[in-house]
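Below is one structure, written out as structure tokens; the observations come after it.
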Number of protein chains: 2
Amino acid sequence: MLAAERKAKIIEFVKRTNIATVTQLSEEFNVHEATIRRDLSEIEREGHLRRTHGGVILGEGIHSEPSFTVRATERVEEKQRIGEKAAEMIQEGDSIILDSGTTTFQIAKYIANKTNITVVTNDINIAAELRDSKGIKVIVTGGVLYPESFMLNGMFTNDVLKKLHVHKAFIGTPAIHPKKGLTHFEELFVPAKMEMINAASEVIVVTDHTKLGGVSLHMVSPINKVDKLITGEEASDTQIQQFKESGVEIIIS
Amino acid sequence: MLAAERKAKIIEFVKRTNIATVTQLSEEFNVHEATIRRDLSEIEREGHLRRTHGGVILGEGIHSEPSFTVRATERVEEKQRIGEKAAEMIQEGDSIILDSGTTTFQIAKYIANKTNITVVTNDINIAAELRDSKGIKVIVTGGVLYPESFMLNGMFTNDVLKKLHVHKAFIGTPAIHPKKGLTHFEELFVPAKMEMINAASEVIVVTDHTKLGGVSLHMVSPINKVDKLITGEEASDTQIQQFKESGVEIIIS
DNA sequence: TTGCTTTTCTTTCTGCTGCTAACATAACGT
DNA sequence: ACGTTATGTTAGCAGCAGAAAGAAAAGCAA
């Protein structure tokens, strides 16, 4: 058996059992305990499992998120700032929508310790992040799970969103333009975003500065439906000015 | 038993009983009291429980249900066998419902490499597990996320389930009785299970042997709606015979 | 409160098990 | 044959569990 193959099988094994001893694994795979220890060290370094004395245990929230983490490494620092700023705008008693995405995920991280908040989201990663926050009620929209992200979409998602109304919706977008408004390159995802915007009293778009001024094929929303826009300080003054002239309150963080 | 494993089980134990003495715990786990004290110190440092003189009590939020990760360490091996057996019953082209739970979670692990399957689930942990499986389409029911588990429940869950029909539903249960059928201790979770049963052509109950013969307060389904029951070989012949007489096809693994 | 007794906690020591690291050996590809 | 990689082996080290003793806390009586 190849070393890499064995490593993969160890991960598989432990994900099923949740816990395993070094001895147990060495017997299972007929290799020396030292070999298992080496494997475990590497596996831990890769972040799949957590080692303990005598064995290995499934980490807390470890259920792998490869493509997600890759995307999330881009401009994380800017997104964190945006997330923190957005979180400041959420008050006790608010109900909010968090759109699926990496920027909105950062918002979730910053509201974990708030209380008396209801969060509606179509992102199961955001839902999992907020799961243990005692003061937060999480409502997940149903729908089809998209493999490359943690997003739920489709008819069920739209149906649930239609039946809800929230104070604030935090929407991510791949393109926002001071005149053309919100646009998206993928038609499939448009209806859900439109429902989110309709369901909220206040629409807050969160996006890093590289998306400003972009235009894609499918129209999501005119600019006048966007109340606020939170973006990074990397945005140029010209861009900021243009959005201001379109009646958007722009917040730099 | 691994130290980390024992610590997890202590947390589980105390979450069930709300309070426990050092003596009690040392007898439960057959270790020295000093060891328990050391464990408790660490557990307290991690913030899971609060120590007192003579024992330990639950921290802030009191949760009667043990958390998912801890619950999953009980009878894992039996649940794996059940999960593997259940997975064998799923064929290419099937659409199935996977109820939230630790046994059904094992099913998910065993179907990851199947193709052309549609899985409907109210468990975001199951959804996350199947996310990367190319051949599997995952539909998540919406709903309110329950802390300490990964279950979605409520009106939205039921609405989505009403609009679906699947070939097979795999249902977990805390109690199944050969005469009284499926029952549940928590009223809130009953409607979703009923919808799941209604939505399926074939109802397959999966549960470890300790749940056989149990009866709880709230009725979920009469026994004649249950087509098959998969449980562990630990089940007694008497129990197996009783279910057979009730017209349930019982599968031992 | 004060003093006494009992229980529980902390600290320290010791034996044991598992861990790390270095080296040796075997398998593999060039 | 050589270097590379994976695996096994060994020795010294680190961390865990049990035991015991002194310290601290709780309970109780006057």
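Residues in the structure tokens are named by chain (A, B, ... in the order shown) and by number from 1 within that chain; ligands are numbered from 1 in the order shown.
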_I need the residues in segment 51-223 of chain B that are strand (DSSP E) according to DSSP; give them as a count of residues only._
49
I'd like the contact shell of segment 171-173 of chain B - 7 Å cut-off, only C-alpha atoms (C1' of nucleotides), skipping same-chain residues fewer than 4 positions apart - returned as a short mmCIF file (atom, residue, chain, number, x, y, z; two decimals) with N, CA and C atoms, in the first residue's frame.
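Ended up saving to result_19.cif:
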```cif
data_model
loop_
_atom_site.label_atom_id
_atom_site.label_comp_id
_atom_site.auth_asym_id
_atom_site.auth_seq_id
_atom_site.Cartn_x
_atom_site.Cartn_y
_atom_site.Cartn_z
N LEU B 98 -32.18 11.46 4.09
CA LEU B 98 -31.37 11.09 5.25
C LEU B 98 -31.76 12.00 6.40
N ASP B 99 -32.41 11.44 7.38
CA ASP B 99 -32.80 12.15 8.58
C ASP B 99 -31.54 12.60 9.34
N GLY B 101 -28.99 12.83 12.30
CA GLY B 101 -28.64 11.90 13.36
C GLY B 101 -27.28 11.27 13.15
N THR B 103 -26.54 7.96 13.32
CA THR B 103 -26.59 6.72 12.53
C THR B 103 -26.72 7.04 11.05
N THR B 104 -27.61 7.99 10.74
CA THR B 104 -27.78 8.37 9.35
C THR B 104 -26.51 9.03 8.80
N ILE B 204 -37.32 3.28 5.84
CA ILE B 204 -36.33 2.41 6.46
C ILE B 204 -35.84 3.08 7.74
N VAL B 205 -36.10 2.43 8.85
CA VAL B 205 -35.66 2.97 10.14
C VAL B 205 -34.29 2.40 10.46
N VAL B 206 -33.36 3.27 10.84
CA VAL B 206 -32.02 2.81 11.24
C VAL B 206 -31.80 3.23 12.68
N THR B 207 -31.41 2.29 13.50
CA THR B 207 -31.18 2.63 14.90
C THR B 207 -30.39 1.54 15.59
#
```
*Within 9 Å of chain D, which residues of chain B show up when using only C-alpha atoms (C1' of nucleotides), listed as an MDAnalysis selection string?*
chainID B and resid 3 31:32 34:35 53
Residues from last step as file, N, CA and C atoms, as a JSON list (two decimals), in the first residue's frame:
```
[["chain", "number", "residue", "atom", "x", "y", "z"],
["B", 3, "ALA", "N", -7.02, 9.65, 26.88],
["B", 3, "ALA", "CA", -7.31, 10.76, 27.80],
["B", 3, "ALA", "C", -8.31, 11.73, 27.17],
["B", 31, "VAL", "N", -11.10, 5.35, 36.84],
["B", 31, "VAL", "CA", -9.78, 5.96, 37.00],
["B", 31, "VAL", "C", -9.71, 6.60, 38.38],
["B", 32, "HIS", "N", -8.51, 6.96, 38.76],
["B", 32, "HIS", "CA", -8.28, 7.57, 40.05],
["B", 32, "HIS", "C", -8.93, 8.96, 40.11],
["B", 34, "ALA", "N", -7.77, 11.60, 41.32],
["B", 34, "ALA", "CA", -6.80, 12.62, 40.94],
["B", 34, "ALA", "C", -6.83, 12.85, 39.43],
["B", 35, "THR", "N", -7.01, 11.78, 38.72],
["B", 35, "THR", "CA", -7.07, 11.88, 37.26],
["B", 35, "THR", "C", -8.30, 12.67, 36.82],
["B", 53, "HIS", "N", -16.57, 22.70, 44.48],
["B", 53, "HIS", "CA", -15.99, 21.81, 45.48],
["B", 53, "HIS", "C", -16.72, 20.48, 45.42]]
```
*Write down, as a ChimeraX atom specification, each residue of chain B that has any atom within 6 Å of an atom of chain A, counting only C-alpha atoms.*
/B:131-132,138-145,147
_Could you give the RMSD, in Å, left over when chain B is least-squares superposed onto chain A across all Cα atoms paired sequentially?_
10.6 Å
*Could you give me the residues within segment 74-231 of chain A that DSSP places in alpha helix (DSSP H), as JSON, numbers by chain?*
{"A": [76, 77, 78, 79, 80, 81, 82, 83, 84, 85, 86, 87, 88, 102, 103, 104, 105, 106, 107, 108, 109, 110, 111, 124, 125, 126, 127, 128, 129, 130, 155, 156, 157, 158, 159, 160, 161, 162, 190, 191, 192, 193, 194, 195, 196, 197, 198]}
Residue subset to file, keeping C-alpha atoms, as an mmCIF file, in the first residue's frame:
```
data_model
loop_
_atom_site.group_PDB
_atom_site.id
_atom_site.type_symbol
_atom_site.label_atom_id
_atom_site.label_comp_id
_atom_site.auth_asym_id
_atom_site.auth_seq_id
_atom_site.Cartn_x
_atom_site.Cartn_y
_atom_site.Cartn_z
ATOM 1 C CA VAL A 76 -8.825 37.943 3.677
ATOM 2 C CA GLU A 77 -7.473 40.869 5.587
ATOM 3 C CA GLU A 78 -9.624 43.352 3.696
ATOM 4 C CA LYS A 79 -12.638 41.102 4.054
ATOM 5 C CA GLN A 80 -12.070 40.863 7.771
ATOM 6 C CA ARG A 81 -12.132 44.641 8.065
ATOM 7 C CA ILE A 82 -15.337 44.755 6.053
ATOM 8 C CA GLY A 83 -16.813 41.993 8.187
ATOM 9 C CA GLU A 84 -15.956 43.785 11.393
ATOM 10 C CA LYS A 85 -17.483 47.036 10.144
ATOM 11 C CA ALA A 86 -20.615 45.253 9.012
ATOM 12 C CA ALA A 87 -20.940 43.521 12.370
ATOM 13 C CA GLU A 88 -20.913 46.899 14.110
ATOM 14 C CA THR A 102 -16.399 34.738 1.857
ATOM 15 C CA THR A 103 -16.959 38.341 2.852
ATOM 16 C CA THR A 104 -20.262 37.597 4.519
ATOM 17 C CA PHE A 105 -18.565 34.667 6.244
ATOM 18 C CA GLN A 106 -16.287 37.181 7.902
ATOM 19 C CA ILE A 107 -19.341 39.033 9.162
ATOM 20 C CA ALA A 108 -20.505 35.807 10.782
ATOM 21 C CA LYS A 109 -17.199 35.482 12.604
ATOM 22 C CA TYR A 110 -17.594 38.937 14.084
ATOM 23 C CA ILE A 111 -21.153 38.521 15.307
ATOM 24 C CA ILE A 124 -24.140 26.168 5.485
ATOM 25 C CA ASN A 125 -20.641 27.212 6.390
ATOM 26 C CA ILE A 126 -21.970 30.404 7.938
ATOM 27 C CA ALA A 127 -24.655 28.345 9.665
ATOM 28 C CA ALA A 128 -22.050 25.978 11.096
ATOM 29 C CA GLU A 129 -19.940 28.917 12.255
ATOM 30 C CA LEU A 130 -22.844 30.403 14.215
ATOM 31 C CA MET A 155 -36.559 26.911 -5.851
ATOM 32 C CA PHE A 156 -36.588 25.963 -2.181
ATOM 33 C CA THR A 157 -34.196 28.750 -1.304
ATOM 34 C CA ASN A 158 -36.394 31.303 -3.038
ATOM 35 C CA ASP A 159 -39.567 29.956 -1.443
ATOM 36 C CA VAL A 160 -38.160 30.323 2.051
ATOM 37 C CA LEU A 161 -36.817 33.807 1.362
ATOM 38 C CA LYS A 162 -40.210 34.896 0.043
ATOM 39 C CA VAL A 190 -29.753 35.801 -9.490
ATOM 40 C CA PRO A 191 -33.251 34.928 -8.181
ATOM 41 C CA ALA A 192 -32.035 34.174 -4.656
ATOM 42 C CA LYS A 193 -30.170 37.463 -4.439
ATOM 43 C CA MET A 194 -33.239 39.315 -5.699
ATOM 44 C CA GLU A 195 -35.367 37.662 -3.033
ATOM 45 C CA MET A 196 -32.875 38.595 -0.365
ATOM 46 C CA ILE A 197 -32.969 42.215 -1.433
ATOM 47 C CA ASN A 198 -36.754 42.186 -1.469
#
```
*Using only C-alpha atoms (C1' of nucleotides), determine which residues of chain C fall within 9 Å of chain A; present them as a PyMOL selection string.*
chain C and resi 17-19
With N, CA, C and O atoms (P, O5', C5', C4', C3', O3' and C1' of nucleotides) retained, export the selected residues as a JSON list (two decimals), in the first residue's frame.
```
[["chain", "number", "residue", "atom", "x", "y", "z"],
["C", 17, "DT", "P", 3.21, -0.15, 30.85],
["C", 17, "DT", "O5'", 2.70, 0.83, 29.70],
["C", 17, "DT", "C5'", 1.60, 1.72, 29.94],
["C", 17, "DT", "C4'", 1.73, 2.91, 29.02],
["C", 17, "DT", "C3'", 2.06, 2.55, 27.57],
["C", 17, "DT", "O3'", 1.00, 3.00, 26.75],
["C", 17, "DT", "C1'", 3.44, 4.32, 28.36],
["C", 18, "DG", "P", 0.98, 2.66, 25.20],
["C", 18, "DG", "O5'", 1.40, 4.07, 24.59],
["C", 18, "DG", "C5'", 0.74, 5.24, 25.03],
["C", 18, "DG", "C4'", 1.55, 6.45, 24.61],
["C", 18, "DG", "C3'", 1.88, 6.50, 23.11],
["C", 18, "DG", "O3'", 1.64, 7.81, 22.65],
["C", 18, "DG", "C1'", 3.84, 6.72, 24.37],
["C", 19, "DC", "P", 1.87, 8.21, 21.17],
["C", 19, "DC", "O5'", 3.15, 9.13, 21.27],
["C", 19, "DC", "C5'", 3.09, 10.32, 22.06],
["C", 19, "DC", "C4'", 4.41, 11.06, 21.96],
["C", 19, "DC", "C3'", 4.90, 11.28, 20.53],
["C", 19, "DC", "O3'", 5.11, 12.66, 20.30],
["C", 19, "DC", "C1'", 6.60, 10.26, 21.87]]
```
*Determine, counting only C-alpha atoms (C1' of nucleotides), which protein, DNA and RNA residues have an atom within 12 Å of an atom of Lys180 of chain B; residues of the same chain fewer than 2 positions away are not included. Present the result as a PyMOL selection string.*
chain B and resi 175-178+182-184+212-226+242-243+246
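Here atom CA of Ile90 of chain A stands at a distance of 9.4 Å from atom CA of His167 of chain A.
Rounded to one decimal, atom CA of Glu249 of chain A and atom CA of Val203 of chain A lie 10.8 Å from each other.
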*Take atom CA of Glu92 of chain B and atom CA of Asn113 of chain B and report the distance between them in Å, one decimal.*
11.1 Å
